[in-house]
Structures are given as C-alpha cells and as structure tokens.
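Coordinates as given in protein_8.cif (mmCIF, C-alpha atoms):
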```
data_work
loop_
_atom_site.label_atom_id
_atom_site.label_comp_id
_atom_site.auth_asym_id
_atom_site.auth_seq_id
_atom_site.Cartn_x
_atom_site.Cartn_y
_atom_site.Cartn_z
CA MET A 1 6.50 75.32 -18.86
CA THR A 2 6.63 77.14 -22.20
CA ARG A 3 9.88 77.00 -24.19
CA LEU A 4 11.02 79.02 -27.21
CA ILE A 5 11.89 77.20 -30.45
CA ARG A 6 14.10 79.18 -32.81
CA PRO A 7 12.74 79.83 -36.35
CA SER A 8 15.64 77.87 -37.88
CA VAL A 9 14.55 74.82 -35.88
CA VAL A 10 11.00 75.21 -37.12
CA VAL A 11 12.22 75.44 -40.73
CA MET A 12 14.28 72.27 -40.29
CA LEU A 13 11.27 70.46 -38.86
CA VAL A 14 9.20 71.45 -41.89
CA ALA A 15 11.92 70.30 -44.23
CA LEU A 16 12.22 66.96 -42.51
CA ALA A 17 8.48 66.54 -42.58
CA GLY A 18 8.53 67.13 -46.33
CA LEU A 19 11.23 64.52 -46.84
CA ALA A 20 9.25 62.05 -44.81
CA CYS A 21 6.38 62.34 -47.28
CA GLY A 22 8.42 60.64 -50.07
CA SER A 23 8.24 56.96 -50.99
CA GLY A 24 10.46 53.90 -50.97
CA ALA A 25 13.94 53.69 -49.44
CA GLY A 26 14.39 57.47 -49.65
CA ALA A 27 11.25 58.00 -47.57
CA ALA A 28 12.34 55.46 -44.96
CA GLU A 29 15.76 57.11 -44.69
CA SER A 30 14.12 60.52 -44.35
CA GLN A 31 11.79 59.25 -41.65
CA SER A 32 14.77 57.83 -39.75
CA THR A 33 16.60 61.15 -40.06
CA ALA A 34 13.52 63.03 -38.87
CA SER A 35 13.13 60.67 -35.92
CA ASP A 36 16.77 61.11 -34.90
CA PHE A 37 16.44 64.88 -35.16
CA LEU A 38 13.27 64.95 -33.08
CA LYS A 39 15.02 62.92 -30.39
CA SER A 40 17.94 65.35 -30.32
CA LEU A 41 15.46 68.25 -30.25
CA SER A 42 13.71 66.72 -27.25
CA LYS A 43 17.03 66.42 -25.44
CA MET A 44 17.83 70.03 -26.26
CA ALA A 45 14.43 71.20 -25.03
CA ALA A 46 14.85 69.28 -21.79
CA LYS A 47 17.94 71.37 -21.09
CA GLN A 48 15.91 74.58 -21.37
CA VAL A 49 14.15 74.13 -18.03
CA PHE A 50 14.51 77.16 -15.75
CA THR A 51 15.89 76.48 -12.29
CA GLY A 52 16.44 78.77 -9.33
CA THR A 53 14.24 80.39 -6.70
CA VAL A 54 11.04 82.38 -6.40
CA VAL A 55 10.53 84.05 -3.00
CA VAL A 56 7.09 85.30 -1.97
CA LYS A 57 6.70 87.46 1.16
CA ASP A 58 3.32 88.53 2.55
CA THR A 59 3.12 91.20 5.25
CA ALA A 60 0.26 93.09 6.88
CA SER A 61 -0.36 95.13 10.00
CA GLY A 62 -3.15 97.28 11.26
CA THR A 63 -4.90 98.82 14.22
CA SER A 64 -8.62 99.49 14.52
CA ASN A 65 -10.67 101.07 17.27
CA ALA A 66 -14.34 100.82 18.21
CA ASP A 67 -15.92 102.99 20.90
CA ASP A 68 -19.61 103.76 21.27
CA GLN A 69 -18.84 106.12 24.17
CA VAL A 70 -21.52 104.40 26.29
CA ILE A 71 -21.36 100.63 26.53
CA SER A 72 -18.06 99.36 25.13
CA LYS A 73 -14.77 100.10 23.45
CA SER A 74 -12.03 97.96 21.93
CA THR A 75 -8.71 98.15 20.13
CA THR A 76 -7.60 95.45 17.70
CA VAL A 77 -4.01 95.05 16.52
CA THR A 78 -3.13 92.54 13.79
CA SER A 79 0.07 91.46 12.07
CA LEU A 80 1.03 88.96 9.39
CA ASN A 81 4.44 87.79 8.21
CA GLY A 82 4.69 84.92 5.78
CA THR A 83 7.42 83.75 3.44
CA VAL A 84 7.37 80.97 0.86
CA VAL A 85 10.61 80.05 -0.93
CA PHE A 86 10.09 78.02 -4.10
CA THR A 87 13.24 76.12 -5.03
CA VAL A 88 13.11 74.90 -8.62
CA THR A 89 15.49 72.13 -9.69
CA THR A 90 15.54 69.69 -12.57
CA GLY A 91 14.29 67.07 -10.13
CA GLY A 92 11.22 68.97 -8.95
CA ILE A 93 9.94 71.93 -6.94
CA VAL A 94 9.82 72.35 -3.18
CA ALA A 95 8.09 75.16 -1.28
CA LYS A 96 9.49 76.07 2.15
CA THR A 97 7.00 78.04 4.26
CA THR A 98 7.30 80.15 7.39
CA TYR A 99 4.14 81.82 8.65
CA GLU A 100 3.18 83.98 11.61
CA GLU A 101 -0.14 85.72 12.27
CA ARG A 102 -1.07 87.55 15.47
CA THR A 103 -4.16 89.34 16.72
CA ARG A 104 -4.73 91.13 20.02
CA VAL A 105 -8.02 92.70 21.10
CA ASP A 106 -8.15 94.88 24.19
CA HIS A 107 -11.75 95.46 25.24
CA GLU A 108 -13.85 97.08 27.91
CA ALA A 109 -17.58 96.59 28.51
CA ARG A 110 -19.31 99.09 30.79
CA TYR A 111 -22.41 98.28 32.83
CA GLN A 112 -24.41 100.30 35.37
CA PHE A 113 -22.51 99.26 38.49
CA HIS A 114 -19.48 97.37 37.14
CA LYS A 115 -17.31 96.94 34.08
CA VAL A 116 -15.42 94.08 32.46
CA VAL A 117 -11.93 94.76 31.12
CA GLY A 118 -9.84 92.20 29.29
CA TYR A 119 -7.96 91.14 26.22
CA LYS A 120 -7.86 88.30 23.76
CA THR A 121 -4.78 87.14 21.85
CA GLU A 122 -4.60 84.71 18.94
CA GLU A 123 -1.42 83.45 17.33
CA THR A 124 -0.87 81.06 14.45
CA THR A 125 2.62 79.99 13.45
CA ALA A 126 3.77 77.45 10.89
CA SER A 127 7.01 76.21 9.38
CA GLY A 128 7.75 73.38 6.98
CA THR A 129 8.10 72.22 3.40
CA ASN A 130 5.55 71.15 0.83
CA ASN A 131 6.15 69.25 -2.39
CA ASP A 132 2.73 70.23 -3.71
CA ALA A 133 4.18 73.26 -5.50
CA SER A 134 4.27 74.62 -9.04
CA VAL A 135 6.36 77.23 -10.86
CA THR A 136 5.91 77.75 -14.59
CA VAL A 137 7.49 80.23 -17.00
CA ASP A 138 5.61 81.55 -20.01
CA LEU A 139 8.01 83.10 -22.54
CA ARG A 140 6.21 85.38 -24.98
CA SER A 141 7.09 86.35 -28.52
CA ASP A 142 7.09 90.08 -27.66
CA GLY A 143 10.05 89.67 -25.31
CA THR A 144 8.07 89.52 -22.08
CA TYR A 145 7.42 86.63 -19.75
CA GLN A 146 5.13 85.60 -16.94
CA ILE A 147 6.01 83.46 -13.93
CA ASN A 148 3.13 81.60 -12.27
CA PHE A 149 3.55 80.06 -8.84
CA SER A 150 1.40 78.13 -6.38
CA GLY A 151 2.08 76.14 -3.27
CA GLY A 152 0.01 74.50 -0.58
CA GLY A 153 0.38 75.42 3.06
CA VAL A 154 1.71 73.46 6.02
CA THR A 155 0.23 72.46 9.38
CA GLY A 156 0.58 75.18 11.98
CA GLU A 157 0.23 75.80 15.72
CA TYR A 158 -2.70 77.85 17.03
CA ARG A 159 -2.87 79.44 20.48
CA MET A 160 -5.60 81.58 22.00
CA LEU A 161 -5.86 83.28 25.37
CA ASP A 162 -8.90 85.23 26.55
CA THR A 163 -8.97 87.01 29.91
CA ALA A 164 -11.59 89.21 31.56
CA GLU A 165 -11.53 91.12 34.84
CA THR A 166 -14.73 92.22 36.55
CA ILE A 167 -14.37 95.56 38.35
CA CYS A 168 -17.11 96.73 40.71
CA THR A 169 -17.71 100.45 40.24
CA ASP A 170 -20.43 100.93 42.89
CA LEU A 171 -20.63 98.17 45.52
CA GLY A 172 -22.99 100.28 47.58
CA ARG A 173 -25.65 100.13 44.91
CA ASP A 174 -24.80 96.62 43.73
CA PRO A 175 -23.57 94.50 46.65
CA THR A 176 -23.91 91.34 44.57
CA CYS A 177 -21.01 92.37 42.33
CA ARG A 178 -18.07 89.98 42.65
CA PRO A 179 -14.73 91.30 41.39
CA GLY A 180 -12.33 88.82 39.89
CA THR A 181 -10.50 87.57 36.82
CA SER A 182 -11.44 84.71 34.52
CA SER A 183 -9.57 83.26 31.58
CA SER A 184 -9.82 80.62 28.88
CA ASN A 185 -7.39 79.27 26.34
CA ASP A 186 -7.36 77.07 23.30
CA VAL A 187 -4.75 75.33 21.14
CA GLY A 188 -4.93 73.53 17.83
CA LYS A 189 -3.12 72.44 14.69
CA PRO A 190 -4.75 74.13 11.69
CA ALA A 191 -3.68 72.83 8.30
CA ASN A 192 -2.82 74.71 5.10
CA GLN A 193 -1.19 77.73 6.71
CA GLY A 194 0.90 79.98 4.45
CA GLY A 195 -0.17 78.67 1.05
CA VAL A 196 0.21 81.15 -1.81
CA ALA A 197 -0.65 81.48 -5.49
CA GLY A 198 -0.07 84.27 -7.98
CA SER A 199 1.95 85.52 -10.91
CA VAL A 200 4.47 88.20 -11.91
CA ASP A 201 5.46 89.70 -15.25
CA GLY A 202 8.86 90.71 -16.57
CA ARG A 203 10.82 91.51 -19.70
CA ILE A 204 13.62 89.36 -21.09
CA ASP A 205 17.07 90.99 -21.05
CA ARG A 206 18.46 90.60 -24.59
CA ASN A 207 21.99 90.51 -23.20
CA ARG A 208 21.04 87.70 -20.79
CA PRO A 209 18.15 85.83 -22.41
CA ASN A 210 18.68 82.73 -20.28
CA VAL A 211 18.42 84.58 -16.96
CA LEU A 212 15.19 85.88 -15.44
CA VAL A 213 15.75 88.18 -12.45
CA GLY A 214 13.40 90.67 -10.87
CA SER A 215 11.37 91.87 -7.91
CA VAL A 216 7.91 93.43 -7.65
CA THR A 217 5.62 94.62 -4.86
CA GLN A 218 1.90 93.92 -5.12
CA ARG A 219 -1.12 95.00 -3.07
CA HIS A 220 -3.91 92.54 -2.38
CA GLU A 221 -6.70 91.77 0.05
CA ARG A 222 -6.69 88.99 2.61
CA SER A 223 -9.63 86.66 3.10
CA ASP A 224 -11.13 89.04 5.70
CA GLY A 225 -10.88 92.01 3.34
CA SER A 226 -7.95 93.69 5.10
CA PRO A 227 -5.06 94.97 2.94
CA ALA A 228 -1.73 93.18 2.63
CA THR A 229 1.56 93.68 0.81
CA ARG A 230 3.23 90.97 -1.25
CA THR A 231 6.82 91.12 -2.48
CA VAL A 232 7.91 88.59 -5.08
CA THR A 233 11.60 88.15 -5.94
CA TRP A 234 12.79 85.69 -8.56
CA ASN A 235 16.12 84.45 -9.86
CA LEU A 236 15.81 81.76 -12.52
CA SER A 237 18.22 80.60 -15.22
CA ARG A 238 18.57 77.88 -17.82
#
```

Since I need it in another form, could you write the structure as structure tokens?
Amino acid sequence: MTRLIRPSVVVMLVALAGLACGSGAGAAESQSTASDFLKSLSKMAAKQVFTGTVVVKDTASGTSNADDQVISKSTTVTSLNGTVVFTVTTGGIVAKTTYEERTRVDHEARYQFHKVVGYKTEETTASGTNNDASVTVDLRSDGTYQINFSGGGVTGEYRMLDTAETICTDLGRDPTCRPGTSSSNDVGKPANQGGVAGSVDGRIDRNRPNVLVGSVTQRHERSDGSPATRTVTWNLSR
C-alpha cells in the first residue's frame, strides 16, 4: 500500500542523515537521534493504513435465439448476479462472496415424422468468505489515487436438469415412433466461484484527504465473451 510522506518529513530525514555522517560522540548521538526518529516515523506510517470496505457487484442478463426455420430452434436466457464485499481492517482483509448464475435453453428439433421438444437448466450458486484477498491504495502526487482489489472465489453448488419429450407427428407414416419424456440431471461442487480482480480510480478530496469514497460502473466481458456490468463502491479512511 502506498503512503504519502510530507515534504517536511523528507527534509528532516535528509538533515538527520547529514548529522549521522559526522564523527566521534557527535556522530553517535546523531545516529541515535536518527534511529529514534525513524522508529517514530514507522509508527506514524503504520497508522496511515486505509480501512473500510470495497464492494464489487457483477450483473449480466441476456436472451438469444437460434432458428434455422427447418430443423431446429432454441432460446437461451442467462443471468448473473455476484457480489464481493472486501472488508479491510488493520488485522487483514476478508472477501465475502455471494454468487448466482443461471442458464435456461428451450429447444426444439424437428424431424420428418416426429420432433423433440425440451429444455435444459443450469444453476451455480455460491456463498462464503475467503482470506485470500488483497486491497491496495496507490496515492499519487497529482491528487488522484487508484484502488486495486483481488479476491479468490469460493466453492459453489452446481445443478443441471435436461429434459426432452418426443412427439410423434405422423404415426401413420412412422409407426415405430415412441412418444415419451426422458430426463437427466447432474450436481457438483465447482471451486473458485465469484472471484474478482480489478481497479478503480478517484481523486482525493482536499477537504477530506483521509477519506476515499466513490462509486463507478464499468463494462467488461465475461469468459464466454458476453457483456457484463460491474459496479464498484468504496468507502475507505485512515
């Protein structure tokens, strides 16, 4: 985490360094003074750690259709809602994650004397905390700052259901057609659900230099190339 050191502090450090370059008892006394000052400076710097929260929300939704007008058609609906709350304290950083992703595909396959109609649903949910998290603040000399954050995901729950119904459209011409419904399902525990990483930029308020507050909305692509919206809200102080 980057911390600002006032110019007066820098000047004092230079002065102490110059005194330490002397000789004899005076040099030893100067070195002791410099050492004591550096210790107090370290204590002061330790108090400059930012604490608070950084909240990252990812959302996405979409509908797509495919229809070749002859053999098949399908409609796919997807949604994503994920939130990671980074809590920053002097003792460490914890990321609390809630994650929910859903997909439903309604499909129809047409054949000469029958068709197959069905749907497939997939759902992944996750909730938990992760100590493998990082939040850093980069204070810049031009009065701006950047907050970088990253956090690993948590183990989730996966559920899948796939059903298909065979419908005979012309039994007279295809007496072997057997109408009926079949289904399959699957469950699992995928790891690393809801992990996030990114950064936001802001400008320091001169009237409140020890408080960083803001919110920004970002657009990004998911791993499959589909668009998503990310909202980052932060409230840090020192």

Exercise. In Å, how far is it from CA of Ala228 in chain A to CA of Ala133 in chain A?
Worked result: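 The value is 22.3 Å.
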
Problem set entry | Target residues per the PyMOL selection byres ((chain A and resi 191-205) around 7), formatted as number ranges by chain | A: 82, 97, 99, 126, 143-156, 189-190, 206-209, 212

Exercise. In Å, how far is it from CA of Arg222 in chain A to CA of Phe86 in chain A?
Worked result: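 Computed distance, CA of Arg222 in chain A to CA of Phe86 in chain A, equals 21.1 Å.
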
Exercise. Applied to this file, what does the PyMOL selection byres ((chain A and resi 113) around 12) return in terms of residues, put as a PyMOL selection string?
Worked result: chain A and resi 109-112+114-116+166-179

Exercise. Nearest to Gly214 in chain A among A:Thr229, A:Ser184, A:Ser61, A:Ser237, with distances taken over all atoms listed in the file: which residue is it?
Worked result: A:Ser237

Problem set entry | Among listed residues A:Thr103, A:Ser141, A:Thr121, A:Thr89, nearest Thr53 in chain A (using all atoms listed in the file) |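 Looking at the shortest contact to Thr53 in chain A, the residue is A:Thr89.
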
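Residue nearest Val216 in chain A, chosen from A:Val77, A:Val88, A:Val55, A:Val94 and counting all atoms listed in the file: A:Val55.
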
Seminar exercise, completed: Of A:Glu122, A:Asp67, A:Asp142, A:Asp132, the one nearest to Lys96 in chain A when counting all atoms listed in the file is A:Asp132

Problem set entry | Best match for closeness to Val49 in chain A among A:Thr76, A:Thr98, A:Asn131, A:Asn210, counting all atoms listed in the file |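 Of all the options, A:Asn210 lies closest to Val49 in chain A.
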
Where does the PyMOL selection byres ((chain A and resi 119) around 8) land in this file, that is, which residues does it pick, as an mmCIF file with C-alpha atoms, keeping the file's coordinate frame?
```cif
data_model
loop_
_atom_site.group_PDB
_atom_site.id
_atom_site.type_symbol
_atom_site.label_atom_id
_atom_site.label_comp_id
_atom_site.auth_asym_id
_atom_site.auth_seq_id
_atom_site.Cartn_x
_atom_site.Cartn_y
_atom_site.Cartn_z
ATOM 1 C CA ARG A 104 -4.730 91.130 20.020
ATOM 2 C CA VAL A 105 -8.020 92.700 21.100
ATOM 3 C CA ASP A 106 -8.150 94.880 24.190
ATOM 4 C CA HIS A 107 -11.750 95.460 25.240
ATOM 5 C CA VAL A 117 -11.930 94.760 31.120
ATOM 6 C CA GLY A 118 -9.840 92.200 29.290
ATOM 7 C CA LYS A 120 -7.860 88.300 23.760
ATOM 8 C CA THR A 121 -4.780 87.140 21.850
ATOM 9 C CA ASP A 162 -8.900 85.230 26.550
ATOM 10 C CA THR A 163 -8.970 87.010 29.910
ATOM 11 C CA ALA A 164 -11.590 89.210 31.560
#
```

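Using only C-alpha atoms, the nearest neighbour of Val56 in chain A within the list A:Thr217, A:Glu165, A:Thr125, A:Arg238 is A:Thr217.
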
Problem set entry | Point-to-point distance from CA of Thr51 in chain A to CA of Val232 in chain A, Å rounded to tenths | 16.2 Å
